[in-house]
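Report on the following structure.
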Amino acid sequence: MRWKDPFLLLMGIGLSNVGAWIFLIALNLIVLDEAGSALAVGILYVLKPLAVLFTNAWAGSLIDRLNKRRLMVFLDVFRAILVAVLPFISSLPLMYAVVFVINMGSAVFYPASMTYMTKLIPREKRQRFNALRSLVGSGAFIVGPAIAGLLFIMGTPATAIYLNGAALFLSGLVTLLLPDVEGDTLAGTRKFDIGIIKADWKVVRSFSRHYTYVMVIYLLFSSIIVMTAAVDSVEAAFSKEVLGLSNSTYGYLVSIAGAGYLLGALVNTVIADKARDVHLIAFGSVMVSAGYIVYSVSGGFLASAIGFSLLSFSLAFAQTGFETFIQKSIPVEVMGRVSSVYGWLEGVLVIAATILIGAGAQLVSIRGVVIVGSIVMMSVTVLLFVYSIGRTEVKTVEKNPIEIR
């Protein structure tokens, strides 16, 4: 395999990720200026998991039947057009509706791109590619907000929004340069209906029963992601109200987390060919939860910075290992359906856990719920470590005993 194709794919992912950070920051400011309310901005963060719930129940059925490259190009261009329209919308409810549709497109894009990557990148090169993808993502975490800040100095949030639309459009053009690894697979969508969706859920259930090792690891890792999202939802309040950090000091803490993730991604690219995916998942996840434990019991900036550095550094390894494991263990024929259905379940749990953490912070204490959430996370990661490492033989998917349509 030539490295031109993976390079183009990483370029498209990088453009999309940088644009996403610019979009998030600019949209927050636009809504805040329009409504003058923190609640109005908070609604933006609810729209993403809601879009996942609305989309992922059926999206996988389409993804596994459509040409993934064409779908990715369409979604990039479609989202670019909607993003470019946003600055012209003065009605807040209509703006929310457009952002919701954009998030729906993003919810479809991730499992589609994961399936396409699996088909494009040879099995022996996937872990290194995933490590490089984490590096690109960490770079976007740092570069995106920096570009947004410069744009706000030079122009307006609307200018940043237009740049995001341009980034998505360029991402679509770059994807067009990639090889078509499937050809015409549109025939299976002509009779797409609720019956097909129900049948596909049965396929996912059957796959889960046949490959319990794979899906238990999937569920345990998803549970860790759920807990990180729930604890992160009170991160700002914990840092400012419990630790007494100022806005600027909290900003430094976030920057430290970004630097930690970038360093972890750099180290990850060096050892990518030397570590097994399950080892990256197991050790990385335990260290992520250890970082949250340190953060939850910290009493000031230094201890919280150590916790942030540890969890963000380790997250790069855990994510790379998990993505490689999924690409190795789930056949591409059902990858869209499996990842979408489990993504839908993860979205439900994220909303439930976030509400529970938020209510606990109000009724008990912020530090209390952060400590409890971190302990729950540590318990799940220890279980994941024991389960994944304890199995001497990993059941891989080479031939599928289940019927795939």
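Residue numbers start at 1 in each chain; chains themselves are named A, B, ... in the order of the structure tokens; ligands are numbered from 1 in the order shown.
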
Contacts of range 249-354 of chain A with range 216-231 of chain A up to 10 Å, shortest pair per row, only C-alpha atoms, as CSV:
```
residue,atom,partner,partner_atom,distance
A:Val278,CA,A:Ile217,CA,9.2
A:Ile281,CA,A:Phe221,CA,8.2
A:Ala282,CA,A:Phe221,CA,9.4
A:Ser285,CA,A:Ile224,CA,7.9
A:Val286,CA,A:Ile224,CA,9.9
A:Val288,CA,A:Thr228,CA,9.2
A:Ser289,CA,A:Ile224,CA,8.4
A:Tyr292,CA,A:Thr228,CA,8.5
A:Ser296,CA,A:Val231,CA,9.6
A:Ala318,CA,A:Phe221,CA,8.9
A:Gln319,CA,A:Phe221,CA,9.2
A:Phe322,CA,A:Phe221,CA,7.8
A:Glu323,CA,A:Tyr218,CA,9.9
A:Phe325,CA,A:Tyr218,CA,9.2
A:Ile326,CA,A:Tyr218,CA,7.9
A:Ser339,CA,A:Tyr218,CA,9.4
A:Tyr342,CA,A:Leu219,CA,7.9
A:Gly343,CA,A:Ser222,CA,8.4
A:Leu345,CA,A:Ser222,CA,9.1
A:Glu346,CA,A:Ser222,CA,6.3
A:Gly347,CA,A:Val226,CA,8.1
A:Val348,CA,A:Val226,CA,9.3
A:Leu349,CA,A:Val226,CA,6.4
A:Val350,CA,A:Val226,CA,5.0
A:Ile351,CA,A:Ala230,CA,8.1
A:Ala352,CA,A:Ala230,CA,8.7
A:Ala353,CA,A:Ala230,CA,5.6
A:Thr354,CA,A:Ala230,CA,4.4
```

May I have the residues from that selection written out with C-alpha atoms, as an mmCIF file, in the first residue's frame?
```
data_model
loop_
_atom_site.group_PDB
_atom_site.id
_atom_site.type_symbol
_atom_site.label_atom_id
_atom_site.label_comp_id
_atom_site.auth_asym_id
_atom_site.auth_seq_id
_atom_site.Cartn_x
_atom_site.Cartn_y
_atom_site.Cartn_z
ATOM 1 C CA VAL A 278 -5.463 -5.116 23.918
ATOM 2 C CA ILE A 281 -6.595 -0.619 25.786
ATOM 3 C CA ALA A 282 -5.960 -2.245 29.174
ATOM 4 C CA SER A 285 -7.649 2.818 30.338
ATOM 5 C CA VAL A 286 -6.334 2.097 33.840
ATOM 6 C CA VAL A 288 -6.841 7.312 32.368
ATOM 7 C CA SER A 289 -8.957 6.443 35.406
ATOM 8 C CA TYR A 292 -9.211 11.127 37.107
ATOM 9 C CA SER A 296 -10.806 14.247 41.923
ATOM 10 C CA ALA A 318 -6.426 3.657 24.981
ATOM 11 C CA GLN A 319 -8.218 5.148 21.974
ATOM 12 C CA PHE A 322 -9.595 0.352 20.976
ATOM 13 C CA GLU A 323 -9.974 1.519 17.370
ATOM 14 C CA PHE A 325 -9.120 -3.791 18.158
ATOM 15 C CA ILE A 326 -12.525 -2.940 16.647
ATOM 16 C CA SER A 339 -20.732 0.661 15.773
ATOM 17 C CA TYR A 342 -23.511 0.483 20.252
ATOM 18 C CA GLY A 343 -22.958 4.193 19.648
ATOM 19 C CA LEU A 345 -26.507 2.819 23.457
ATOM 20 C CA GLU A 346 -23.467 4.869 24.486
ATOM 21 C CA GLY A 347 -25.398 8.075 23.729
ATOM 22 C CA VAL A 348 -28.265 6.987 25.986
ATOM 23 C CA LEU A 349 -25.850 6.217 28.808
ATOM 24 C CA VAL A 350 -23.966 9.522 28.345
ATOM 25 C CA ILE A 351 -27.177 11.526 28.734
ATOM 26 C CA ALA A 352 -28.311 9.459 31.752
ATOM 27 C CA ALA A 353 -24.907 9.623 33.471
ATOM 28 C CA THR A 354 -24.547 13.361 32.802
#
```

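Interatomic distance, CA of Ile194 in chain A to CA of Lys48 in chain A: 23.9 Å.
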
What's around Asp277 in chain A at 12 Å? Count only C-alpha atoms, leave out sequence neighbours fewer than 3 positions away in its own chain, and write the answer as an MDAnalysis selection string.
chainID A and resid 124 126:128 130:131 217 268 271:274 280:285 317:329 388:389 394

Measuring between only C-alpha atoms, which one of A:Ile330, A:Ala40, A:Val338, A:Ile25 shows the shortest distance to Pro111 in chain A?
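Closest to Pro111 in chain A, using only C-alpha atoms: A:Val338.
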